[in-house]
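Raw contents of structure_0.txt, compact mmCIF, C-alpha atoms:
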```
# COMPACT_ATOMS: atom_id res chain seq x y z
CA MET U 19 0.00 0.00 0.00
CA LYS U 20 1.62 3.17 -1.18
CA HIS U 21 0.25 5.81 1.20
CA LEU U 22 0.70 4.21 4.60
CA ILE U 23 0.42 7.01 7.12
CA LEU U 24 -0.60 10.64 6.90
CA ILE U 25 1.11 13.08 9.22
CA CYS U 26 -0.11 16.66 9.53
CA SER U 27 2.45 18.20 11.84
CA ILE U 28 1.80 21.55 13.48
CA PRO U 29 4.34 23.26 15.75
CA PHE U 30 2.93 24.11 19.18
CA LEU U 31 5.21 27.11 19.49
CA ILE U 32 4.15 30.20 17.60
CA SER U 33 6.87 31.81 15.53
CA ILE U 34 7.27 35.54 15.25
CA LEU U 35 6.66 37.32 11.98
CA ALA U 36 9.54 39.75 11.71
CA MET U 37 8.52 43.11 10.29
CA ALA U 38 11.07 45.89 10.08
CA GLN U 39 8.57 48.63 10.78
CA ALA U 40 7.34 47.08 14.04
CA VAL U 41 9.32 47.14 17.26
CA SER U 42 9.16 43.86 19.20
CA GLY U 43 6.99 44.18 22.29
CA SER U 44 5.51 47.53 21.25
CA GLU U 45 1.88 48.11 20.44
CA PRO U 46 1.53 48.50 16.63
CA HIS U 47 -1.51 49.54 14.61
CA ARG U 48 -4.92 48.04 15.47
CA GLY U 49 -3.82 47.60 19.09
CA LEU U 50 -1.80 44.46 18.37
CA TYR U 51 1.36 43.47 20.21
CA ARG U 52 4.50 41.71 19.07
CA ILE U 53 5.94 38.76 20.96
CA GLY U 54 8.96 39.66 23.08
CA ASN U 55 10.03 42.43 25.46
CA GLY U 56 7.56 41.38 28.12
CA VAL U 57 4.93 39.94 25.76
CA SER U 58 4.73 36.14 26.02
CA ALA U 59 3.97 33.89 23.05
CA PRO U 60 0.53 32.28 22.84
CA VAL U 61 0.42 28.49 23.18
CA VAL U 62 -1.90 26.11 21.35
CA LEU U 63 -4.33 24.42 23.75
CA SER U 64 -6.47 22.57 21.23
CA LYS U 65 -6.40 22.18 17.46
CA ALA U 66 -8.04 20.36 14.59
CA GLU U 67 -5.61 18.53 12.33
CA PRO U 68 -5.70 19.79 8.73
CA GLN U 69 -6.93 17.38 6.08
CA TYR U 70 -5.16 16.46 2.86
CA THR U 71 -6.94 17.23 -0.38
CA GLU U 72 -7.46 14.20 -2.60
CA GLU U 73 -5.24 15.61 -5.34
CA ALA U 74 -2.37 16.23 -2.93
CA ARG U 75 -2.68 12.82 -1.31
CA LYS U 76 -2.80 10.93 -4.60
CA ALA U 77 0.16 12.87 -5.99
CA GLY U 78 2.28 12.29 -2.88
CA VAL U 79 2.63 16.00 -2.08
CA GLN U 80 4.57 16.99 1.04
CA ALA U 81 4.42 20.69 1.81
CA ILE U 82 4.60 23.46 4.37
CA VAL U 83 2.01 26.23 4.55
CA VAL U 84 2.96 29.38 6.45
CA ALA U 85 0.14 31.59 7.72
CA SER U 86 -0.13 34.79 9.73
CA LEU U 87 -2.87 35.29 12.29
CA VAL U 88 -4.01 37.35 15.23
CA VAL U 89 -4.48 35.57 18.55
CA ARG U 90 -7.04 37.53 20.56
CA GLU U 91 -7.29 37.98 24.31
CA ASP U 92 -9.79 35.12 24.56
CA GLY U 93 -7.39 32.76 22.79
CA SER U 94 -9.28 32.57 19.50
CA SER U 95 -7.56 33.08 16.13
CA VAL U 96 -8.72 35.64 13.56
CA ASP U 97 -7.40 37.23 10.37
CA VAL U 98 -5.75 33.97 9.26
CA ARG U 99 -3.88 34.61 6.01
CA VAL U 100 -1.54 32.40 4.02
CA ILE U 101 1.80 34.11 3.47
CA ARG U 102 3.64 31.18 1.88
CA LYS U 103 1.46 28.98 -0.30
CA ALA U 104 1.85 25.30 -1.09
CA GLY U 105 -0.90 24.88 -3.66
CA PHE U 106 -2.81 21.65 -4.39
CA GLY U 107 -5.67 22.99 -2.23
CA LEU U 108 -3.60 22.63 0.96
CA ASP U 109 -3.57 26.37 1.72
CA GLU U 110 -7.33 26.38 2.22
CA LYS U 111 -7.14 23.26 4.38
CA ALA U 112 -4.49 24.87 6.58
CA VAL U 113 -6.61 28.00 7.08
CA GLU U 114 -9.70 25.94 7.91
CA SER U 115 -7.73 24.11 10.57
CA ILE U 116 -6.07 27.18 12.13
CA GLN U 117 -9.42 28.96 12.45
CA THR U 118 -10.52 26.26 14.91
CA TRP U 119 -7.44 26.43 17.14
CA GLN U 120 -7.77 27.61 20.71
CA PHE U 121 -4.78 29.26 22.38
CA LYS U 122 -3.60 30.24 25.79
CA PRO U 123 -3.35 33.96 24.97
CA ALA U 124 -0.23 36.06 25.01
CA MET U 125 0.35 37.89 28.28
CA LYS U 126 1.77 41.30 29.13
CA GLU U 127 2.10 42.42 32.75
CA GLY U 128 -0.24 39.62 33.82
CA LYS U 129 -3.01 40.50 31.37
CA PRO U 130 -3.98 38.79 28.09
CA VAL U 131 -3.23 40.86 24.99
CA PRO U 132 -3.84 40.35 21.24
CA VAL U 133 -0.70 39.44 19.28
CA PHE U 134 0.30 39.05 15.67
CA ALA U 135 2.11 35.78 14.93
CA THR U 136 2.84 33.17 12.27
CA VAL U 137 2.46 29.41 12.24
CA GLU U 138 3.69 26.63 9.99
CA VAL U 139 1.41 23.76 9.02
CA SER U 140 3.32 20.76 7.66
CA PHE U 141 1.69 18.13 5.46
CA ARG U 142 3.67 14.87 5.44
CA LEU U 143 3.25 11.36 4.02
CA LEU U 144 5.48 8.43 4.93
CA LEU U 145 6.83 7.68 1.46
CA GLU U 146 10.35 6.28 1.26
CA ASP U 147 11.04 7.58 -2.24
CA ARG U 148 9.99 11.13 -1.26
CA GLU U 149 11.30 11.37 2.28
CA ASN U 150 12.34 14.88 3.35
CA GLN U 151 10.72 16.53 0.33
CA THR U 152 8.91 19.86 0.17
CA THR U 153 6.75 20.89 -2.79
CA ARG U 154 4.92 24.00 -3.98
CA LEU U 155 2.78 24.62 -7.06
CA ASN U 156 1.30 28.09 -7.36
CA PHE U 157 -0.48 29.71 -10.29
CA THR U 158 -0.88 33.31 -11.41
CA LEU U 159 -4.56 33.61 -12.26
CA PRO U 160 -6.87 36.28 -13.68
CA GLN U 161 -9.31 37.69 -11.17
CA GLY U 162 -12.20 35.29 -10.70
CA ALA U 163 -10.47 32.30 -12.28
CA SER U 164 -10.22 28.97 -10.48
CA ARG U 165 -6.86 27.25 -10.16
CA PRO U 166 -6.06 24.16 -12.23
CA GLU U 167 -6.69 21.01 -10.18
CA LEU U 168 -4.38 18.04 -10.59
CA ILE U 169 -6.33 14.97 -11.75
CA SER U 170 -3.49 12.54 -12.37
CA GLY U 171 0.25 12.62 -11.83
CA GLU U 172 2.77 12.14 -9.05
CA ILE U 173 5.53 14.18 -7.47
CA PRO U 174 8.98 13.06 -8.69
CA ALA U 175 10.92 10.71 -6.43
CA ASN U 176 13.99 11.94 -4.58
CA PRO U 177 17.21 12.58 -6.51
CA SER U 178 19.98 10.00 -6.54
CA THR U 179 22.50 12.75 -5.78
CA PRO U 180 23.08 13.10 -2.02
CA GLY U 181 22.61 16.34 -0.13
CA ASP U 182 20.17 19.20 -0.52
CA GLN U 183 18.76 19.60 -4.03
CA SER U 184 16.12 21.88 -5.51
CA LEU U 185 14.20 22.54 -8.72
CA CYS U 186 12.08 25.43 -9.95
CA ILE U 187 10.10 24.93 -13.17
CA ARG U 188 7.66 27.29 -14.85
CA LEU U 189 4.75 25.68 -16.69
CA GLN U 190 1.50 26.51 -18.35
CA VAL U 191 -1.66 24.45 -18.07
CA GLY U 192 -3.67 24.74 -21.26
CA ALA U 193 -7.42 24.84 -21.61
CA ASP U 194 -7.17 21.11 -22.35
CA GLY U 195 -5.60 20.48 -18.94
CA LYS U 196 -2.21 19.47 -20.33
CA PRO U 197 1.07 21.04 -19.18
CA GLN U 198 2.97 22.95 -21.85
CA ASN U 199 5.95 25.26 -22.28
CA LEU U 200 7.87 23.84 -19.33
CA THR U 201 10.87 26.06 -18.54
CA VAL U 202 13.53 25.32 -15.93
CA LEU U 203 14.12 28.47 -13.87
CA ASP U 204 16.58 26.93 -11.43
CA SER U 205 18.09 23.49 -10.85
CA THR U 206 20.87 22.02 -8.75
CA ASP U 207 20.73 18.53 -10.26
CA ALA U 208 20.51 17.96 -14.04
CA LYS U 209 19.48 14.30 -13.75
CA TRP U 210 16.70 15.08 -11.25
CA GLU U 211 15.63 17.99 -13.43
CA GLN U 212 15.09 15.70 -16.43
CA ALA U 213 13.19 13.16 -14.33
CA ALA U 214 10.94 15.94 -13.02
CA LEU U 215 10.26 17.26 -16.53
CA ARG U 216 9.18 13.80 -17.67
CA LYS U 217 6.83 13.52 -14.69
CA LEU U 218 5.35 16.98 -15.18
CA ASN U 219 4.70 16.35 -18.87
CA SER U 220 2.53 13.38 -17.93
CA TRP U 221 0.40 15.35 -15.46
CA ARG U 222 -3.22 16.11 -16.29
CA PHE U 223 -5.35 18.86 -14.76
CA TYR U 224 -8.91 19.98 -14.59
CA PRO U 225 -8.19 23.35 -16.21
CA SER U 226 -8.58 26.82 -14.80
CA MET U 227 -12.11 28.12 -15.34
CA LEU U 228 -13.20 31.71 -15.88
CA GLN U 229 -16.85 32.62 -16.42
CA GLY U 230 -17.64 29.06 -17.41
CA ASN U 231 -14.80 28.75 -19.90
CA ALA U 232 -11.55 26.79 -19.64
CA VAL U 233 -8.55 29.14 -19.81
CA GLU U 234 -4.78 28.82 -19.82
CA ALA U 235 -2.95 29.31 -16.51
CA GLU U 236 0.73 29.84 -15.77
CA GLY U 237 2.36 28.50 -12.63
CA VAL U 238 5.64 27.67 -10.94
CA PHE U 239 6.46 24.22 -9.59
CA GLU U 240 9.07 24.13 -6.82
CA LEU U 241 10.56 20.97 -5.37
CA ALA U 242 13.28 20.55 -2.76
CA HIS U 243 14.94 17.61 -1.09
CA GLY U 244 16.47 18.28 2.31
CA GLY U 245 14.91 21.70 2.90
CA GLU U 246 12.47 24.34 1.72
CA PRO U 247 12.44 25.25 -1.99
CA PRO U 248 14.20 28.56 -2.62
CA PRO U 249 11.99 31.48 -3.68
CA ALA U 250 11.06 31.35 -7.35
CA LYS U 251 13.15 33.64 -9.51
CA LYS U 252 11.45 36.60 -11.13
CA GLN U 253 10.44 35.85 -14.67
CA GLU U 254 12.09 37.86 -17.40
```

Encoding of this model in C-alpha cells:
Amino acid sequence: MKHLILICSIPFLISILAMAQAVSGSEPHRGLYRIGNGVSAPVVLSKAEPQYTEEARKAGVQAIVVASLVVREDGSSVDVRVIRKAGFGLDEKAVESIQTWQFKPAMKEGKPVPVFATVEVSFRLLLEDRENQTTRLNFTLPQGASRPELISGEIPANPSTPGDQSLCIRLQVGADGKPQNLTVLDSTDAKWEQAALRKLNSWRFYPSMLQGNAVEAEGVFELAHGGEPPPAKKQE
C-alpha cells in the first residue's frame, strides 16, 4: 500500500513574523502586540488537524504552509492569512484548521493581549522515495479564475544525488488540462531535473475556469529535497 500514514504536523510554538517597521513588544496599529520584550507567546491548547486534499494525497505531495494570524485575548484566532502557499488545495485546508485552534493567549504584565504571529502547518506522508521533500505549485490567475486542479500525476521521487537539491520549473496548463511550455528556472541537479520534466509532462489537470470557460494558466512548480524550496526567480 503506497500511502501508509498521513502526518499533519503543526508546531505548538508560535513563531514571530519579523517586520522591520514594528518594534518587538511595542503596540503596533490596530492595538496588536509583538511577541517579546515582556509579551509572552501564545500556546496552542487545542487544534483540529488539517486534512489532505485528494489531489495532494494521490500525488504524494509533502508541503509546508505558512500563515499569519491574530491571537485575541480570549485565545481565538482571527485574520488567518496564508503568506507562503503550497498549492494543491492545501492552503485552504491549513486556514480551515487554524481557524478552529484555541490558544492560551499572550500575556503582558499579567493581562492577556492580542498578538500578531505566524504558524507553519506541515503536510507529510510516509513515502520512502519522497522522504524529506517539500513541494509548492502556485499559479498566477486572472481575477475570478479557479486554479487548475491536478487529476493525475505524481511528485517526482527523490534525486539519486546526495545532499540538498532543488528545482524550480515554470509551466502553463492549457485549456485542455495538459502542461505545456515547461521552462527550468533553477536546478541544482541535471538528472533530477530531467526526471521531473518527464513527470510533469505526464500530469493532467482539470483546467482553470473563468466565467464558465476553460482558460490557460501559468504557474511555478518548486521541489526541494532536504529543505524548503528557494523562492522562485522573477520571470524575465

Quiz item: Restricting the calculation to all atoms listed in the file, which member of U:Ala193, U:Val79, U:Val61, U:Leu215 is positioned closest to Leu145 in chain U?
Solution: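 The shortest atom-to-atom distance to Leu145 in chain U comes from U:Val79.
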
Quiz item: So, counting all atoms listed in the file, which residue among U:Leu155, U:Cys186, U:Leu108, U:Ala124 is closest to Ala208 in chain U?
Solution: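 The closest residue to Ala208 in chain U is U:Cys186.
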
Quiz prompt | Nearest to Ser94 in chain U, chosen from U:Gly49, U:Pro68, U:Gly128, U:Pro60, with only C-alpha atoms counted in the distances | solution = U:Pro60

Exercise. Just give me the gap between CA of Ala66 in chain U and CA of Ser115 in chain U in Å, one decimal is fine.
Key: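 Interatomic distance here is 5.5 Å.
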
Self-check item: Å distance separating CA of Asn156 in chain U from CA of Ala104 in chain U, one decimal place
Solution: 6.9 Å

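Closest approach to Pro130 in chain U among U:Pro177, U:Pro197, U:Gly93, U:Gly78: U:Gly93, based on only C-alpha atoms.
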
Practice problem: Would you mind telling me which residue in U:Lys129, U:Lys76, U:Arg99, U:Lys209 lies nearest to Gln183 in chain U when using all atoms listed in the file? | Solution: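 Distance minimum relative to Gln183 in chain U lands on U:Lys209.
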
Contacts of Val89 in chain U within 10 Å, all atoms listed in the file, excl. fewer than 2 positions in-chain, as a compact mmCIF listing (two decimals) with C-alpha atoms, in the coordinates of the input:
```txt
# COMPACT_ATOMS: atom_id res chain seq x y z
CA LEU U 50 -1.80 44.46 18.37
CA TYR U 51 1.36 43.47 20.21
CA ALA U 59 3.97 33.89 23.05
CA PRO U 60 0.53 32.28 22.84
CA VAL U 61 0.42 28.49 23.18
CA SER U 86 -0.13 34.79 9.73
CA LEU U 87 -2.87 35.29 12.29
CA GLU U 91 -7.29 37.98 24.31
CA ASP U 92 -9.79 35.12 24.56
CA GLY U 93 -7.39 32.76 22.79
CA SER U 94 -9.28 32.57 19.50
CA SER U 95 -7.56 33.08 16.13
CA VAL U 96 -8.72 35.64 13.56
CA ASP U 97 -7.40 37.23 10.37
CA VAL U 98 -5.75 33.97 9.26
CA TRP U 119 -7.44 26.43 17.14
CA GLN U 120 -7.77 27.61 20.71
CA PHE U 121 -4.78 29.26 22.38
CA LYS U 122 -3.60 30.24 25.79
CA PRO U 123 -3.35 33.96 24.97
CA ALA U 124 -0.23 36.06 25.01
CA VAL U 131 -3.23 40.86 24.99
CA PRO U 132 -3.84 40.35 21.24
CA VAL U 133 -0.70 39.44 19.28
CA PHE U 134 0.30 39.05 15.67
CA ALA U 135 2.11 35.78 14.93
CA THR U 136 2.84 33.17 12.27
```

Practice problem: Determine the nearest neighbour of Ile116 in chain U from the options U:Arg142, U:Arg188, U:Arg216, U:Lys65, counting all atoms listed in the file. | Solution: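 Among the listed residues, U:Lys65 lies closest to Ile116 in chain U.
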
Quiz item: Do you know which residues are at most 12 Å from Pro174 in chain U counting all atoms listed in the file, after dropping those on the same chain fewer than 6 positions away, and could you put them as a PyMOL selection string?
Solution: chain U and resi 77-80+145+147-149+151-153+184-185+209-221+239-243

Quiz prompt | Separation of CA of Ser164 in chain U from CA of Ser226 in chain U, in Å and rounded to one decimal | solution = 5.1 Å

Practice problem: List every protein, DNA or RNA residue that has an atom no more than 7 Å from (2.6, 25.8, 8.8) in the file's coordinate frame, counting only C-alpha atoms, and report them as a list of chain:residue names. | Solution: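 Residues with an atom at most 7 Å from (2.6, 25.8, 8.8): U:Ile28, U:Ile82, U:Val83, U:Val84, U:Ala85, U:Val137, U:Glu138, U:Val139, U:Ser140.
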
Practice problem: For range 198-202 of chain U, please output as a list in words all residues within 7 Å (counting only C-alpha atoms; exclusion window: fewer than 6 positions along the same chain). | Solution: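 Returned residues: Cys186, Ile187, Arg188, Leu189, Gln190, Val191 and Gly192 of chain U.
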
Exercise. With a distance cut-off of 8 Å and all atoms listed in the file, select the neighbouring residues of Thr71 in chain U, excluding the residue or stretch itself and same-chain residues fewer than 6 positions from it, and output the selection as a list in words.
Key: Phe106, Gly107, Leu108 and Lys111 of chain U
